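Some notes on the structure that comes next.
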Amino acid sequence: MYEEIEKMKVYMDNAATTRVDDEVFEEMKPYFTEKYGNASSLHSFGQEAHEIMEISREKIAKLINAEPKEIIFTSGGSESDNMAIKGIMWKNKDKRDHIITSKIEHPAVLRTCEFLEKHGFDITYVGVDKNGLVNPKEIEDAITDKTNLVSIMHANNEIGTIQPIEEIGKICKEKKVIFHTDAVQTVGKVPIDVKRLDVDLLSASSHKLHGPKGVGFLYVRKGLQIDALIHGGGHESGKRSGTENIPGIVGFGKACEMAMDEMEKRNKKLIMLREKLINCVLEKIPKSYLNGDKEKRLLNNAHFRFDYIEGEALLLRLDMEGIAGSTGSACSTKSLKPSHVLMALGLSPVQSHGSLRLTLSKYNTEAEVDYVLEKLPKVIMDLRSISPLNDTNIDDFPDEDINHGAGEYE
C-alpha cells in the first residue's frame, strides 16, 4: 500500500497558512485586471469597487453574527491585534491604564503589550493550566478599577486549546471592562457569535481559512471608540486609513461565505482525521504526548511532543519525506528559543524543543494521514538512535507497526 504513496507531498501546516480555495481565487481575479477602481473614487470604477467591498463586508459580518459596519478591514491578524489593543489603550490612557492578557497569547498580542508597558501601561499576564486553559476566576480576580482591557485568544495557534471565551466575556461585561479576543485560528472553523460571546473586539485573518494573504478584519462593537493606528485619508470609517485591498477583501468575503456553508461537512471530516492522527501517533510511538486539552481543542490541531527529539531535526527529516509541519508558532520558527506556550504549560526547554504541530485543512485526505503515520514513527526512531538525549535502549523501539499503547495524553 505505502509503496504507492511513497512520494506524496503532504501539507499539514494549515495553522500557519492555508491554500487559497479555487473558487476564492476565481472570485478575486476580475478585481486585479478588469474591475480595478479605488473604492474611494466617485466615478463608476470606484463605485463598483466600493459596492463589492460592502457586499464582502456583509458576508464576513454574517459569519460572526455582527453588523457590517462593525467590520474594519486590515492587513491581517497582527494588525488587527495591534489596532484593538493600542486603539483602546491610547483612547482611554488618562482614565484606565491596565491590561489583562495570558502568557500564551500570539506574539502580536504579547509584543504589543510589552510595547505599551514601556510607555507606562500596567500589564497583568495570567497563567494557564497544564493543558493551556485560562481560569476565568483568575481573570476576574485580576480586574481592578484601572483595568481597561482584557485580551484572551479564542484558541491557541500552537497547541489548539480553545479558551472559555463566553465565560470570560460575561465577567468582563459585568465588570464593565472591554474584552478583545484573537480569533485568527477559529473564525471559519467553529461557530462564532460575537453577541453570545460578549466580545467587544475580535481579530481575524483571511489566509487561515482558504482566503488570500494580506487581508484581515477587526470587529469593533457598535458604539465602542478606539484611536486609529494608521492615519491618512480616513478610510474604514476613520478607523484605518489606506486604500482598501479590494481583491483581497473579495477573496476574504468568498472564503467566509464558503466556510459558513461548508462548516458542518468540513468539521466532521477534520475531526475524524485529527482523531485518527492523534490516537495512532500516541499508540505507535513510545514516549509521545499530546500537548493541549484533549477535548477543548481546535478540530484540525494535533500537537505532539516526543522525548529525546529535537523539533528542528524532526521538521527537516519530515520535509525530506514530503511532509510539512511545524515545531512552534509560524511567526517564530527561526528562533531557537523554546516555545513560550509550551513553557507556560510547565514543560522544560528540552521537552519544549521536542514538539511537532500537525494542522489539517479540508484538502487533507485519509491517505495523507496514513502516509504520515507510516513515515513519522520511522523518522522518530532514526533520530532517537543518534540523539544525545536518549537514555533508553533504542532496541526497545519497534521497527515496524508498533501496536502497543505507548503514548500519553497530558
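By order of appearance in the C-alpha cells: chains A, B, ..., then residues from 1 within every chain, and ligands from 1 in the order shown.
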
| task | Step one, run DSSP on the backbone; step two, keep only residues of range 139-314 of chain A assigned to alpha helix (DSSP H); then write them as a ChimeraX atom specification. | result | /A:139-142,165-175,194-197,246-284,311-314

| message | Neighbouring residues of Ile168 in chain A were defined as those with any atom within 12 Å, considering only C-alpha atoms; residues of the same chain fewer than 3 positions away were excluded. Please report them as a VMD selection string. | response | chain A and resid 100 to 101 133 to 141 143 149 to 154 163 to 165 171 to 175 177 to 181 196 to 200

With N, CA and C atoms retained, write the just-selected residues as a short mmCIF file (atom, residue, chain, number, x, y, z; two decimals), in the first residue's frame.
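Written out: selection.cif:
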```
data_model
loop_
_atom_site.label_atom_id
_atom_site.label_comp_id
_atom_site.auth_asym_id
_atom_site.auth_seq_id
_atom_site.Cartn_x
_atom_site.Cartn_y
_atom_site.Cartn_z
N ILE A 100 -5.17 43.08 30.98
CA ILE A 100 -5.00 41.69 31.41
C ILE A 100 -4.95 40.82 30.16
N THR A 101 -3.93 39.99 30.08
CA THR A 101 -3.81 39.04 28.97
C THR A 101 -3.23 37.74 29.51
N LEU A 133 -5.27 25.99 29.45
CA LEU A 133 -6.55 26.68 29.69
C LEU A 133 -6.39 27.80 30.71
N VAL A 134 -6.96 28.95 30.37
CA VAL A 134 -7.03 30.08 31.29
C VAL A 134 -8.17 29.84 32.27
N ASN A 135 -7.96 30.19 33.53
CA ASN A 135 -9.01 30.11 34.54
C ASN A 135 -9.76 31.44 34.58
N PRO A 136 -11.04 31.46 34.21
CA PRO A 136 -11.79 32.73 34.22
C PRO A 136 -11.78 33.42 35.59
N LYS A 137 -11.76 32.64 36.66
CA LYS A 137 -11.72 33.23 38.01
C LYS A 137 -10.45 34.06 38.20
N GLU A 138 -9.35 33.61 37.61
CA GLU A 138 -8.10 34.36 37.73
C GLU A 138 -8.21 35.69 36.98
N ILE A 139 -8.92 35.68 35.86
CA ILE A 139 -9.17 36.93 35.13
C ILE A 139 -9.99 37.87 36.01
N GLU A 140 -11.06 37.33 36.60
CA GLU A 140 -11.94 38.14 37.44
C GLU A 140 -11.18 38.74 38.62
N ASP A 141 -10.33 37.94 39.25
CA ASP A 141 -9.58 38.40 40.41
C ASP A 141 -8.55 39.47 40.04
N ILE A 143 -8.94 41.84 37.76
CA ILE A 143 -9.58 43.09 37.34
C ILE A 143 -9.61 44.09 38.50
N LEU A 149 -8.84 46.82 29.58
CA LEU A 149 -8.95 45.81 28.53
C LEU A 149 -8.51 44.44 29.01
N VAL A 150 -9.27 43.43 28.62
CA VAL A 150 -8.85 42.03 28.74
C VAL A 150 -8.70 41.49 27.33
N SER A 151 -7.56 40.85 27.05
CA SER A 151 -7.31 40.26 25.73
C SER A 151 -6.89 38.81 25.90
N ILE A 152 -7.80 37.90 25.54
CA ILE A 152 -7.55 36.46 25.64
C ILE A 152 -7.91 35.83 24.31
N MET A 153 -6.99 35.05 23.75
CA MET A 153 -7.24 34.45 22.44
C MET A 153 -8.32 33.39 22.51
N HIS A 154 -9.06 33.23 21.41
CA HIS A 154 -10.13 32.24 21.35
C HIS A 154 -9.56 30.83 21.36
N GLN A 163 -10.26 28.45 24.51
CA GLN A 163 -10.47 29.07 25.81
C GLN A 163 -11.96 29.29 26.12
N PRO A 164 -12.31 29.41 27.40
CA PRO A 164 -13.71 29.66 27.81
C PRO A 164 -14.10 31.12 27.58
N ILE A 165 -14.14 31.51 26.32
CA ILE A 165 -14.34 32.91 25.95
C ILE A 165 -15.70 33.43 26.41
N ILE A 171 -17.87 37.89 32.43
CA ILE A 171 -17.17 38.56 33.53
C ILE A 171 -16.82 39.99 33.15
N CYS A 172 -16.28 40.16 31.96
CA CYS A 172 -15.88 41.50 31.51
C CYS A 172 -17.08 42.43 31.38
N LYS A 173 -18.18 41.88 30.89
CA LYS A 173 -19.39 42.69 30.74
C LYS A 173 -19.91 43.15 32.10
N GLU A 174 -19.90 42.24 33.06
CA GLU A 174 -20.36 42.57 34.42
C GLU A 174 -19.46 43.62 35.07
N LYS A 175 -18.16 43.51 34.78
CA LYS A 175 -17.18 44.43 35.39
C LYS A 175 -17.00 45.71 34.58
N VAL A 177 -15.56 46.05 31.66
CA VAL A 177 -14.22 46.05 31.09
C VAL A 177 -14.31 45.61 29.63
N ILE A 178 -13.56 46.26 28.75
CA ILE A 178 -13.58 45.93 27.32
C ILE A 178 -12.88 44.60 27.11
N PHE A 179 -13.45 43.76 26.24
CA PHE A 179 -12.92 42.41 26.01
C PHE A 179 -12.57 42.21 24.54
N HIS A 180 -11.31 41.85 24.30
CA HIS A 180 -10.81 41.54 22.95
C HIS A 180 -10.39 40.09 22.89
N THR A 181 -10.70 39.43 21.77
CA THR A 181 -10.21 38.07 21.55
C THR A 181 -9.57 37.96 20.17
N ARG A 196 -23.28 36.49 21.58
CA ARG A 196 -23.35 35.46 22.62
C ARG A 196 -22.06 35.41 23.44
N LEU A 197 -20.93 35.64 22.78
CA LEU A 197 -19.64 35.58 23.46
C LEU A 197 -19.33 36.84 24.26
N ASP A 198 -20.12 37.90 24.06
CA ASP A 198 -19.90 39.18 24.77
C ASP A 198 -18.50 39.75 24.50
N VAL A 199 -18.05 39.64 23.26
CA VAL A 199 -16.76 40.24 22.92
C VAL A 199 -17.00 41.63 22.32
N ASP A 200 -16.09 42.55 22.63
CA ASP A 200 -16.17 43.91 22.11
C ASP A 200 -15.30 44.10 20.87
#
```

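Considering only C-alpha atoms, the residue among A:Leu389, A:Met343, A:Leu376, A:Leu282 positioned nearest to Gly322 in chain A is A:Leu376.
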
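Proximity of A:Leu273, A:Ile278, A:Ile60, A:Ala324 to Asn364 in chain A, computed with only C-alpha atoms, is greatest for A:Leu273.
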
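Of note, CA of Lys86 in chain A and CA of Val194 in chain A are spaced 20.8 Å apart.
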
Need to verify the contact set: Glu295 in chain A, 12 Å, only C-alpha atoms, exclusion of same-chain residues closer than 5 positions in sequence. Can you return it as a short mmCIF file (atom, residue, chain, number, x, y, z; two decimals) with N, CA and C atoms, in the first residue's frame?
```cif
data_model
loop_
_atom_site.label_atom_id
_atom_site.label_comp_id
_atom_site.auth_asym_id
_atom_site.auth_seq_id
_atom_site.Cartn_x
_atom_site.Cartn_y
_atom_site.Cartn_z
N ASN A 131 -2.88 22.06 30.43
CA ASN A 131 -3.48 21.87 29.10
C ASN A 131 -3.63 23.17 28.33
N GLY A 132 -3.17 24.27 28.94
CA GLY A 132 -3.21 25.54 28.25
C GLY A 132 -4.49 26.33 28.44
N LEU A 133 -5.27 25.99 29.45
CA LEU A 133 -6.55 26.68 29.69
C LEU A 133 -6.39 27.80 30.71
N GLY A 160 -3.64 24.51 20.15
CA GLY A 160 -5.02 24.33 19.73
C GLY A 160 -6.06 24.40 20.82
N THR A 161 -5.66 24.68 22.07
CA THR A 161 -6.63 24.74 23.16
C THR A 161 -7.61 25.90 22.98
N ILE A 162 -8.90 25.60 23.11
CA ILE A 162 -9.95 26.61 22.97
C ILE A 162 -10.31 27.14 24.37
N GLN A 163 -10.26 28.45 24.51
CA GLN A 163 -10.47 29.07 25.81
C GLN A 163 -11.96 29.29 26.12
N ILE A 271 -12.42 16.40 12.16
CA ILE A 271 -12.38 15.73 13.47
C ILE A 271 -12.00 14.26 13.31
N ARG A 274 -8.26 14.21 12.50
CA ARG A 274 -7.48 14.60 13.68
C ARG A 274 -7.42 13.48 14.70
N GLU A 275 -8.56 12.87 14.99
CA GLU A 275 -8.60 11.81 15.99
C GLU A 275 -7.77 10.59 15.56
N LEU A 290 0.46 14.27 23.87
CA LEU A 290 -0.37 15.29 23.23
C LEU A 290 -0.31 16.56 24.07
N ASN A 301 -6.24 20.51 14.87
CA ASN A 301 -4.92 20.64 15.51
C ASN A 301 -4.50 19.38 16.23
N ALA A 302 -3.32 18.88 15.90
CA ALA A 302 -2.67 17.78 16.63
C ALA A 302 -1.26 18.23 16.98
N TYR A 409 -1.80 11.11 26.93
CA TYR A 409 -2.38 12.45 26.90
C TYR A 409 -1.88 13.20 28.11
N GLU A 410 -1.52 14.46 27.91
CA GLU A 410 -1.15 15.31 29.05
C GLU A 410 -1.85 16.64 28.90
#
```

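Considering the residues A:Ile55, A:Ile123, A:Met381, A:Ala204 and counting only C-alpha atoms, Leu314 in chain A has its shortest atom-to-atom contact with A:Met381.
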
| query | Which residue, A:Met89, A:Ala367, A:Ile226, A:Ile64, has the smallest gap to Leu116 in chain A when you use only C-alpha atoms? | reply | A:Met89

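Comparing A:Val10, A:Ala49, A:Ile192, A:Leu360 by their smallest distance to Val250 in chain A, the closest is A:Ala49 (using only C-alpha atoms).
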
| as a PyMOL selection string, which residues of range 194-378 of chain A does DSSP assign to strand (DSSP E)? | chain A and resi 201-205+216-220+288-290+301-306+323-324+355-359

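Closest approach to Ala84 in chain A among A:Leu277, A:Leu201, A:Leu373, A:Met263 is made by A:Leu201 (distances from only C-alpha atoms).
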
| message | I want to know what sits within 9 Å of Gly354 in chain A, based on only C-alpha atoms, with residues of the same chain fewer than 5 positions away left out; could you give that as a ChimeraX atom specification? | response | /A:304-312,314,327,349

Now that the selection is made, can you save its residues with C-alpha atoms as a short mmCIF file (atom, residue, chain, number, x, y, z; two decimals), in the first residue's frame?
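File written: part-v4.cif
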```cif
data_model
loop_
_atom_site.label_atom_id
_atom_site.label_comp_id
_atom_site.auth_asym_id
_atom_site.auth_seq_id
_atom_site.Cartn_x
_atom_site.Cartn_y
_atom_site.Cartn_z
CA PHE A 304 2.74 16.40 19.99
CA ARG A 305 5.98 16.25 21.86
CA PHE A 306 8.46 13.40 21.74
CA ASP A 307 11.16 12.59 24.26
CA TYR A 308 14.78 12.59 23.01
CA ILE A 309 13.94 14.55 19.84
CA GLU A 310 14.91 18.00 18.55
CA GLY A 311 12.00 19.61 16.74
CA GLU A 312 14.15 21.30 14.09
CA LEU A 314 12.32 16.35 13.06
CA THR A 327 7.60 22.92 15.63
CA PRO A 349 13.15 23.72 27.48
#
```
